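One file, model.pdb, carrying PDB, C-alpha atoms:
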```
ATOM      1  CA  MET A 906       0.000   0.000   0.000
ATOM      2  CA  THR A 907       1.190   3.514  -0.759
ATOM      3  CA  GLN A 908       0.179   7.093  -0.157
ATOM      4  CA  GLU A 909      -2.139   6.775  -3.136
ATOM      5  CA  GLY A 910      -4.521   4.997  -0.774
ATOM      6  CA  VAL A 911      -7.509   7.002   0.370
ATOM      7  CA  LYS A 912      -7.559   8.093   4.010
ATOM      8  CA  ARG A 913      -5.853   5.420   6.145
ATOM      9  CA  GLY A 914      -4.830   3.118   3.339
ATOM     10  CA  ILE A 915      -6.317   0.640   0.918
ATOM     11  CA  SER A 916      -5.563  -2.951   0.111
ATOM     12  CA  SER A 917      -7.125  -5.241  -2.422
ATOM     13  CA  PRO A 918      -8.313  -8.825  -1.832
ATOM     14  CA  ARG A 919      -5.111  -9.921  -3.518
ATOM     15  CA  SER A 920      -2.852  -8.120  -1.006
ATOM     16  CA  ILE A 921      -4.382  -9.627   2.108
ATOM     17  CA  SER A 922      -0.975 -10.155   3.754
ATOM     18  CA  ALA A 923      -0.977  -6.502   4.783
ATOM     19  CA  LEU A 924      -3.877  -7.320   7.105
ATOM     20  CA  SER A 925      -2.140 -10.103   9.012
ATOM     21  CA  SER A 926      -1.570  -9.549  12.720
ATOM     22  CA  SER A 927       2.190  -9.736  12.172
ATOM     23  CA  CYS A 928       1.957  -6.465  10.233
ATOM     24  CA  TYR A 929       0.643  -4.564  13.243
ATOM     25  CA  ARG A 930       2.493  -3.235  16.260
ATOM     26  CA  THR A 931       0.105  -2.115  18.995
ATOM     27  CA  THR A 932       0.925   0.223  21.847
ATOM     28  CA  SER A 933      -1.936   0.980  24.211
ATOM     29  CA  CYS A 934      -4.791   1.997  21.869
ATOM     30  CA  VAL A 935      -2.606   2.810  18.860
ATOM     31  CA  ALA A 936      -2.162   0.289  16.042
ATOM     32  CA  THR A 937       0.773   0.878  13.688
ATOM     33  CA  ASN A 938       0.996  -1.025  10.418
ATOM     34  CA  THR A 939       4.615  -1.956   9.759
ATOM     35  CA  CYS A 940       3.952  -3.466   6.313
ATOM     36  CA  CYS A 941       2.331  -0.438   4.674
ATOM     37  CA  CYS A 942       3.178   3.190   4.094
ATOM     38  CA  LEU A 943       0.246   5.006   5.699
ATOM     39  CA  LEU A 944      -0.309   8.747   5.574
ATOM     40  CA  SER A 945      -2.531  10.627   7.998
ATOM     41  CA  TYR A 946      -4.041  13.028   5.491
ATOM     42  CA  THR A 947      -4.548  16.723   6.199
ATOM     43  CA  ALA A 948      -6.558  19.442   4.461
ATOM     44  CA  THR A 949      -3.332  20.544   2.766
ATOM     45  CA  ASN A 950      -2.885  17.066   1.277
ATOM     46  CA  LEU A 951      -6.460  17.046  -0.015
ATOM     47  CA  THR A 952      -6.135  20.532  -1.473
ATOM     48  CA  ARG A 953      -2.899  19.627  -3.237
ATOM     49  CA  CYS A 954      -4.387  16.379  -4.507
ATOM     50  CA  SER A 955      -7.413  18.170  -5.964
ATOM     51  CA  GLU A 956      -5.135  20.752  -7.613
ATOM     52  CA  ILE A 957      -3.071  18.018  -9.275
ATOM     53  CA  LEU A 958      -6.159  16.158 -10.447
ATOM     54  CA  SER A 959      -7.681  19.396 -11.699
ATOM     55  CA  SER A 960      -4.532  20.191 -13.676
ATOM     56  CA  ASN A 961      -4.474  16.716 -15.227
ATOM     57  CA  ILE A 962      -8.140  16.897 -16.147
ATOM     58  CA  ASP A 963      -7.737  20.349 -17.686
ATOM     59  CA  ARG A 964      -5.011  19.085 -20.028
ATOM     60  CA  LEU A 965      -7.505  16.520 -21.289
ATOM     61  CA  GLY A 966      -9.989  19.260 -22.067
ATOM     62  CA  ILE A 967     -12.438  18.225 -19.341
ATOM     63  CA  SER A 968     -13.967  20.230 -16.504
ATOM     64  CA  LYS A 969     -11.370  21.365 -13.977
ATOM     65  CA  ARG A 970     -13.521  20.565 -10.940
ATOM     66  CA  VAL A 971     -12.747  17.368  -9.057
ATOM     67  CA  SER A 972     -15.599  15.425  -7.499
ATOM     68  CA  ILE A 973     -15.703  12.628  -4.946
ATOM     69  CA  ALA A 974     -18.817  10.496  -4.459
ATOM     70  CA  ILE A 975     -19.463   8.399  -1.350
ATOM     71  CA  LEU A 976     -22.464   6.057  -1.341
ATOM     72  CA  GLY A 977     -23.821   3.834   1.373
ATOM     73  CA  ASP A 978     -25.049   3.733   4.933
ATOM     74  CA  SER A 979     -24.148   5.635   8.094
ATOM     75  CA  ARG A 980     -20.647   4.141   8.180
ATOM     76  CA  GLN A 981     -19.970   5.751   4.802
ATOM     77  CA  ARG A 982     -21.519   8.950   6.142
ATOM     78  CA  GLN A 983     -18.871   8.812   8.871
ATOM     79  CA  LEU A 984     -16.225   8.718   6.146
ATOM     80  CA  PHE A 985     -17.824  11.792   4.573
ATOM     81  CA  THR A 986     -17.802  13.440   8.014
ATOM     82  CA  SER A 987     -14.082  12.740   8.260
ATOM     83  CA  PHE A 988     -13.529  14.679   5.024
ATOM     84  CA  VAL A 989     -15.582  17.519   6.523
ATOM     85  CA  HIS A 990     -13.384  17.419   9.625
ATOM     86  CA  LEU A 991     -10.206  17.709   7.553
ATOM     87  CA  LEU A 992     -11.562  20.510   5.371
ATOM     88  CA  LYS A 993     -13.533  22.517   7.945
ATOM     89  CA  TYR A 994     -11.138  25.476   7.881
ATOM     90  CA  THR A 995     -11.499  25.957   4.130
ATOM     91  CA  ASN A 996     -14.134  28.155   2.488
ATOM     92  CA  MET A 997     -16.210  25.227   1.241
ATOM     93  CA  THR A 998     -19.994  25.263   1.657
ATOM     94  CA  TYR A 999     -22.601  22.559   2.169
ATOM     95  CA  GLU A1000     -26.144  21.690   1.122
ATOM     96  CA  LEU A1001     -28.257  19.477   3.393
ATOM     97  CA  GLN A1002     -32.048  19.099   3.307
ATOM     98  CA  GLY A1003     -32.519  22.559   1.838
ATOM     99  CA  ARG A1004     -30.044  24.144   4.225
ATOM    100  CA  HIS A1005     -26.947  25.957   3.019
ATOM    101  CA  GLY A1006     -24.003  27.183   4.999
ATOM    102  CA  SER A1007     -20.310  27.192   5.731
ATOM    103  CA  ILE A1008     -18.515  23.897   6.156
ATOM    104  CA  ARG A1009     -17.676  24.991   9.713
ATOM    105  CA  GLU A1010     -21.351  24.562  10.602
ATOM    106  CA  LEU A1011     -21.621  21.094   9.097
ATOM    107  CA  GLU A1012     -19.454  18.906  11.327
ATOM    108  CA  PRO A1013     -21.561  19.459  14.508
ATOM    109  CA  LEU A1014     -24.707  18.657  12.521
ATOM    110  CA  LEU A1015     -23.216  15.395  11.274
ATOM    111  CA  LEU A1016     -21.788  14.342  14.629
ATOM    112  CA  ASN A1017     -25.071  14.948  16.431
ATOM    113  CA  GLY A1018     -27.414  13.909  13.626
ATOM    114  CA  THR A1019     -27.194  10.127  13.506
ATOM    115  CA  ASN A1020     -30.532   9.949  11.660
ATOM    116  CA  ILE A1021     -29.529  12.066   8.664
ATOM    117  CA  HIS A1022     -30.805   9.731   5.964
ATOM    118  CA  THR A1023     -30.360  11.986   2.967
ATOM    119  CA  ASN A1024     -27.789  13.234   0.474
ATOM    120  CA  ILE A1025     -25.230  15.834   1.548
ATOM    121  CA  VAL A1026     -23.227  18.021  -0.822
ATOM    122  CA  LEU A1027     -19.936  19.714   0.001
ATOM    123  CA  LYS A1028     -18.953  22.345  -2.555
ATOM    124  CA  GLY A1029     -15.588  23.937  -3.124
ATOM    125  CA  SER A1030     -14.754  27.299  -4.649
ATOM    126  CA  THR A1031     -12.498  28.653  -7.376
ATOM    127  CA  ASP A1032      -9.430  28.178  -5.173
ATOM    128  CA  MET A1033     -10.643  24.766  -3.953
ATOM    129  CA  PRO A1034     -11.775  22.872  -7.088
ATOM    130  CA  LEU A1035     -13.213  19.989  -5.081
ATOM    131  CA  ASP A1036     -16.783  18.789  -4.538
ATOM    132  CA  ILE A1037     -17.715  15.862  -2.272
ATOM    133  CA  THR A1038     -21.177  14.299  -2.232
ATOM    134  CA  PHE A1039     -22.572  11.723   0.155
ATOM    135  CA  TYR A1040     -25.481   9.679  -1.211
ATOM    136  CA  TRP A1041     -27.677   7.912   1.322
ATOM    137  CA  ASP A1042     -28.137   4.451  -0.205
ATOM    138  CA  PRO A1043     -27.802   1.874   2.606
ATOM    139  CA  LEU A1044     -28.441  -1.166   0.397
ATOM    140  CA  LEU A1045     -26.783   0.302  -2.724
ATOM    141  CA  THR A1046     -29.967  -0.469  -4.642
ATOM    142  CA  GLU A1047     -31.747   2.890  -4.920
ATOM    143  CA  GLN A1048     -29.276   5.524  -6.081
ATOM    144  CA  LEU A1049     -26.233   3.522  -7.185
ATOM    145  CA  PRO A1050     -27.805   1.924 -10.319
ATOM    146  CA  LYS A1051     -29.213   5.286 -11.453
ATOM    147  CA  LEU A1052     -25.957   7.118 -10.833
ATOM    148  CA  LEU A1053     -23.895   4.489 -12.641
ATOM    149  CA  TYR A1054     -26.176   4.825 -15.660
ATOM    150  CA  GLN A1055     -25.883   8.624 -15.557
ATOM    151  CA  TRP A1056     -22.106   8.621 -15.138
ATOM    152  CA  LEU A1057     -21.571   6.151 -17.970
ATOM    153  CA  GLN A1058     -23.948   7.962 -20.311
ATOM    154  CA  HIS A1059     -22.562  11.403 -19.454
ATOM    155  CA  SER A1060     -18.926  10.889 -18.540
ATOM    156  CA  HIS A1061     -18.360  14.565 -17.733
ATOM    157  CA  THR A1062     -20.639  14.131 -14.691
ATOM    158  CA  SER A1063     -18.777  11.130 -13.262
ATOM    159  CA  PRO A1064     -16.689  11.540 -10.089
ATOM    160  CA  ARG A1065     -12.933  11.147 -10.011
ATOM    161  CA  LEU A1066     -13.248   8.967  -6.915
ATOM    162  CA  LEU A1067     -16.152   6.710  -5.938
ATOM    163  CA  ILE A1068     -16.385   4.949  -2.566
ATOM    164  CA  ILE A1069     -19.296   2.625  -1.823
ATOM    165  CA  GLY A1070     -20.068   0.483   1.195
ATOM    166  CA  THR A1071     -22.849  -1.356   2.959
ATOM    167  CA  GLY A1072     -23.326  -4.090   5.537
ATOM    168  CA  ALA A1073     -25.446  -3.624   8.641
ATOM    169  CA  HIS A1074     -28.654  -2.841   6.746
ATOM    170  CA  TYR A1075     -28.309  -6.040   4.724
ATOM    171  CA  LEU A1076     -27.720  -8.117   7.838
ATOM    172  CA  CYS A1077     -30.627  -6.548   9.729
ATOM    173  CA  ARG A1078     -33.097  -6.683   6.848
ATOM    174  CA  TYR A1079     -32.281 -10.036   5.272
ATOM    175  CA  ASN A1080     -30.820 -11.909   8.266
ATOM    176  CA  GLU A1081     -29.439 -15.279   7.138
ATOM    177  CA  THR A1082     -29.976 -14.460   3.444
ATOM    178  CA  ALA A1083     -28.000 -11.193   3.615
ATOM    179  CA  SER A1084     -25.004 -12.537   1.686
ATOM    180  CA  VAL A1085     -27.255 -13.999  -1.006
ATOM    181  CA  MET A1086     -29.106 -10.716  -1.438
ATOM    182  CA  LEU A1087     -25.829  -8.780  -1.503
ATOM    183  CA  GLY A1088     -24.524 -11.059  -4.245
ATOM    184  CA  LYS A1089     -27.729 -10.652  -6.221
ATOM    185  CA  HIS A1090     -27.800  -6.866  -5.996
ATOM    186  CA  LEU A1091     -24.095  -6.282  -6.641
ATOM    187  CA  ALA A1092     -23.970  -8.775  -9.507
ATOM    188  CA  ALA A1093     -26.556  -6.630 -11.281
ATOM    189  CA  VAL A1094     -24.441  -3.464 -11.093
ATOM    190  CA  LEU A1095     -20.971  -5.000 -11.268
ATOM    191  CA  PRO A1096     -20.642  -4.732 -15.070
ATOM    192  CA  SER A1097     -21.402  -1.005 -14.874
ATOM    193  CA  LEU A1098     -19.127  -0.602 -11.856
ATOM    194  CA  ASN A1099     -16.276  -2.300 -13.718
ATOM    195  CA  LYS A1100     -16.817  -0.070 -16.726
ATOM    196  CA  LEU A1101     -16.830   3.068 -14.595
ATOM    197  CA  ALA A1102     -13.648   1.912 -12.859
ATOM    198  CA  GLN A1103     -11.776   2.299 -16.138
ATOM    199  CA  THR A1104     -11.935   6.076 -15.710
ATOM    200  CA  THR A1105     -12.973   6.594 -12.067
ATOM    201  CA  HIS A1106     -11.019   5.406  -9.037
ATOM    202  CA  THR A1107     -13.591   2.981  -7.623
ATOM    203  CA  ILE A1108     -13.431   1.554  -4.112
ATOM    204  CA  VAL A1109     -15.705  -0.887  -2.288
ATOM    205  CA  LYS A1110     -15.428  -0.566   1.494
ATOM    206  CA  ALA A1111     -15.537  -3.739   3.575
ATOM    207  CA  MET A1112     -17.703  -3.711   6.694
ATOM    208  CA  ASP A1113     -15.687  -3.058   9.841
ATOM    209  CA  HIS A1114     -16.339  -5.073  12.964
ATOM    210  CA  ILE A1115     -18.620  -3.409  15.502
ATOM    211  CA  LEU A1116     -19.369  -3.741  19.211
ATOM    212  CA  VAL A1117     -21.301  -6.997  18.949
ATOM    213  CA  ARG A1118     -21.446  -7.516  22.733
ATOM    214  CA  TYR A1119     -23.539  -4.365  23.089
ATOM    215  CA  GLN A1120     -26.142  -5.258  20.459
ATOM    216  CA  GLU A1121     -29.726  -5.513  21.658
ATOM    217  CA  PRO A1122     -32.473  -7.821  20.340
ATOM    218  CA  PRO A1123     -33.180  -8.482  17.561
ATOM    219  CA  PHE A1124     -29.890  -7.139  16.159
ATOM    220  CA  ASP A1125     -27.782  -9.265  18.510
ATOM    221  CA  LYS A1126     -28.695 -12.357  16.475
ATOM    222  CA  VAL A1127     -27.540 -10.970  13.129
ATOM    223  CA  LEU A1128     -24.840  -8.383  13.880
ATOM    224  CA  THR A1129     -22.178 -10.897  14.866
ATOM    225  CA  ASP A1130     -18.489 -11.139  14.011
ATOM    226  CA  GLN A1131     -19.117 -14.333  12.051
ATOM    227  CA  ASN A1132     -21.875 -12.773   9.948
ATOM    228  CA  ILE A1133     -19.749  -9.695   9.263
ATOM    229  CA  ASP A1134     -16.800 -11.880   8.221
ATOM    230  CA  ASN A1135     -19.058 -13.963   5.967
ATOM    231  CA  PHE A1136     -20.462 -10.780   4.456
ATOM    232  CA  ASN A1137     -16.972  -9.461   3.699
ATOM    233  CA  SER A1138     -15.950 -12.816   2.221
ATOM    234  CA  ILE A1139     -18.846 -12.676  -0.230
ATOM    235  CA  LEU A1140     -17.895  -9.097  -1.050
ATOM    236  CA  ALA A1141     -14.275 -10.100  -1.679
ATOM    237  CA  ASP A1142     -15.362 -13.011  -3.883
ATOM    238  CA  LEU A1143     -17.464 -10.651  -5.985
ATOM    239  CA  MET A1144     -14.483  -8.336  -6.414
ATOM    240  CA  VAL A1145     -12.075 -11.063  -7.583
ATOM    241  CA  ASN A1146     -13.169 -10.642 -11.190
ATOM    242  CA  SER A1147     -13.083  -6.851 -10.928
ATOM    243  CA  PRO A1148      -9.364  -6.006 -11.049
ATOM    244  CA  SER A1149     -10.030  -2.299 -11.575
ATOM    245  CA  VAL A1150     -12.205  -2.058  -8.457
ATOM    246  CA  ILE A1151     -10.321  -1.855  -5.164
ATOM    247  CA  MET A1152     -11.663  -3.488  -2.012
ATOM    248  CA  TRP A1153     -10.786  -1.370   1.004
ATOM    249  CA  ASN A1154     -10.399  -3.718   3.965
ATOM    250  CA  SER A1155      -7.325  -2.373   5.748
ATOM    251  CA  THR A1156      -9.365  -0.720   8.515
ATOM    252  CA  LEU A1157     -10.530  -4.082   9.887
ATOM    253  CA  PRO A1158      -7.545  -4.557  12.250
ATOM    254  CA  LEU A1159      -7.994  -0.980  13.472
ATOM    255  CA  SER A1160     -11.667  -1.632  14.198
ATOM    256  CA  ASP A1161     -10.682  -4.741  16.163
ATOM    257  CA  GLN A1162      -8.234  -2.705  18.242
ATOM    258  CA  TYR A1163     -10.883  -0.050  18.886
ATOM    259  CA  ILE A1164     -13.418  -2.671  19.957
ATOM    260  CA  SER A1165     -10.935  -4.302  22.309
ATOM    261  CA  MET A1166     -10.245  -0.968  24.000
ATOM    262  CA  CYS A1167     -13.971  -0.204  24.244
ATOM    263  CA  TYR A1168     -14.643  -3.520  25.947
ATOM    264  CA  ASP A1169     -11.872  -2.779  28.435
ATOM    265  CA  HIS A1170     -12.590   0.907  29.112
ATOM    266  CA  ARG A1171     -15.872   1.949  27.407
ATOM    267  CA  ALA A1172     -14.531   5.421  26.689
ATOM    268  CA  ASP A1173     -16.563   8.308  25.269
ATOM    269  CA  ARG A1174     -15.538  11.793  24.178
ATOM    270  CA  MET A1175     -17.476  14.868  23.170
ATOM    271  CA  ASP A1176     -15.679  14.931  19.803
ATOM    272  CA  TYR A1177     -16.699  11.295  19.140
ATOM    273  CA  LEU A1178     -13.115  10.118  18.685
ATOM    274  CA  TRP A1179     -14.156   7.467  21.183
ATOM    275  CA  ASN A1180     -17.836   6.560  21.236
ATOM    276  CA  CYS A1181     -18.021   3.195  22.932
ATOM    277  CA  ASP A1182     -21.675   3.625  23.915
ATOM    278  CA  ASP A1183     -22.644   3.446  20.237
ATOM    279  CA  PRO A1184     -22.920  -0.258  19.338
ATOM    280  CA  LEU A1185     -23.327   0.350  15.594
ATOM    281  CA  HIS A1186     -20.559   2.834  14.777
ATOM    282  CA  LEU A1187     -16.852   3.168  15.417
ATOM    283  CA  GLY A1188     -15.297   6.235  16.988
ATOM    284  CA  TYR A1189     -13.562   8.700  14.698
ATOM    285  CA  VAL A1190     -10.183   7.701  16.124
ATOM    286  CA  VAL A1191     -10.435   4.835  13.616
ATOM    287  CA  ILE A1192     -11.871   6.868  10.735
ATOM    288  CA  HIS A1193      -9.892  10.129  10.710
TER     289      HIS A1193
END
```
Could you show the structure in this file as structure tokens?
Amino acid sequence: MTQEGVKRGISSPRSISALSSSCYRTTSCVATNTCCCLLSYTATNLTRCSEILSSNIDRLGISKRVSIAILGDSRQRQLFTSFVHLLKYTNMTYELQGRHGSIRELEPLLLNGTNIHTNIVLKGSTDMPLDITFYWDPLLTEQLPKLLYQWLQHSHTSPRLLIIGTGAHYLCRYNETASVMLGKHLAAVLPSLNKLAQTTHTIVKAMDHILVRYQEPPFDKVLTDQNIDNFNSILADLMVNSPSVIMWNSTLPLSDQYISMCYDHRADRMDYLWNCDDPLHLGYVVIH
């Protein structure tokens, strides 16, 4: 893995060795990967990256704006929130449920609004040619097929980076048939996803482990480590024949470390870096 990875690093199903326990050195609550080159990205990195992409796109005669699309459930919304956290001191603006405002106002809304089940748009300016959109699509069945069709038909509207992810909603809705339904739904869009991946950096996020001991009925029967691992295995199998699509699974060991610390200390912080009372989401110490 290199600094080209998004956020905390990316590995494909074919580079699984980077996820082995021997690659991690843990000190207290900090996990350090000794097999990968990981970069803790800052707003400066993101700004520079968007400038480089914008310059490359301009030479090809395409729009200079760079767009990132994130689709999925609340765990993908957390990833979007992490981008907001990194960029909150820029002059970007947001659109959310008819509201408009400065990016500085958005992070508190996202941290406190766990039931924001809608799209969110983060817009840059002339000196920040970057737009980031979160699409609420927990099963990847409502918006993803339509967007893939639009992006393939009108390539100038496609994002430069696409990150999709799902998991808990499948397990809770379909129970023991979750993996079957995932395979059915993704198989239908995989040809389009593969085609888009020829021009758009396309990433499928594996489902991180969660605090299964704290799950309440009826979720305690379906949100288990075994079911999550089975779900990710099906996801990895689907991606085997999609060499241009990257499966992002390198956060799994970090989620395990977070969970272990939560079970031992059950820590919480106002900034949600640690949020051990939330059984469905990880703290931002894992995500940032």
By how many Å are CA of Thr949 in chain A and CA of Ser987 in chain A apart?
14.4 Å
Which polymer residues, whether protein, DNA or RNA, lie within 12 Å of the coordinate (-14.1, -2.2, 23.1) when you count all atoms listed in the file? List them as a count of residues only, using the chain letters and numbers from the file.
31
Could you tell me which residues the PyMOL selection byres ((chain A and resi 1070-1087) around 8) returns for this structure, as a PyMOL selection string?
chain A and resi 976-978+980-981+1043-1045+1068-1069+1088-1091+1109-1112+1124+1127-1128+1132-1133+1135-1136+1139-1140
Smallest atom-to-atom distance to Ile1108 in chain A: which of A:Met1175, A:Ala974, A:Leu1057, A:Ile1037, using all atoms listed in the file?
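Selected residue with least distance to Ile1108 in chain A: A:Ala974.
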Do a neighbour search on Phe988 in chain A at 12 Å with all atoms listed in the file, toss out local chain neighbours closer than 2 positions, and write the hits as a PyMOL selection string.
chain A and resi 911-912+946-952+973-975+981-986+990-995+997+1008+1011-1012+1015+1026-1027+1035-1039+1189+1192-1193
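What separates CA of Ala1141 in chain A from CA of Val1191 in chain A is a distance of 21.7 Å.
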Centre, edges in Å (one decimal): axis-aligned box, range 1002-1005 of chain A, 8 Å padding on all six sides, as JSON:
```
{"center_x": -29.7, "center_y": 22.5, "center_z": 3.0, "size_x": 21.6, "size_y": 22.9, "size_z": 18.4}
```
Answer key for the PyMOL selection byres ((chain A and resi 1106) around 7), residues as a ChimeraX atom specification:
/A:1065-1067,1102,1104-1105,1107-1108
For the residues selected in the previous step, produce a file with C-alpha atoms as a PDB file, keeping the file's coordinate frame.
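So the final result, stored in part12.pdb, reads:
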```
ATOM      1  CA  ARG A1065     -12.933  11.147 -10.011  1.00  0.00           C
ATOM      2  CA  LEU A1066     -13.248   8.967  -6.915  1.00  0.00           C
ATOM      3  CA  LEU A1067     -16.152   6.710  -5.938  1.00  0.00           C
ATOM      4  CA  ALA A1102     -13.648   1.912 -12.859  1.00  0.00           C
ATOM      5  CA  THR A1104     -11.935   6.076 -15.710  1.00  0.00           C
ATOM      6  CA  THR A1105     -12.973   6.594 -12.067  1.00  0.00           C
ATOM      7  CA  THR A1107     -13.591   2.981  -7.623  1.00  0.00           C
ATOM      8  CA  ILE A1108     -13.431   1.554  -4.112  1.00  0.00           C
TER       9      ILE A1108
END
```
What is the CA of Pro1064 in chain A-CA of Asn1099 in chain A distance in Å, reported with one decimal?
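Those two atoms sit 14.3 Å apart.
Proximity ranking of A:Thr1046, A:Pro1158, A:Arg970, A:Pro1096 relative to Asn1146 in chain A places A:Pro1096 first, based on all atoms listed in the file.
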Residue with smallest distance to Leu1014 in chain A - pool A:Asn996, A:Ser1097, A:Gln1055, A:Gln1002, counting all atoms listed in the file
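For Leu1014 in chain A, the nearest of the candidates is A:Gln1002.
In terms of minimum interatomic distance to Val1145 in chain A, A:Leu1095 ranks closest within A:Leu1095, A:Cys954, A:Leu1001, A:Val989, counting only C-alpha atoms.
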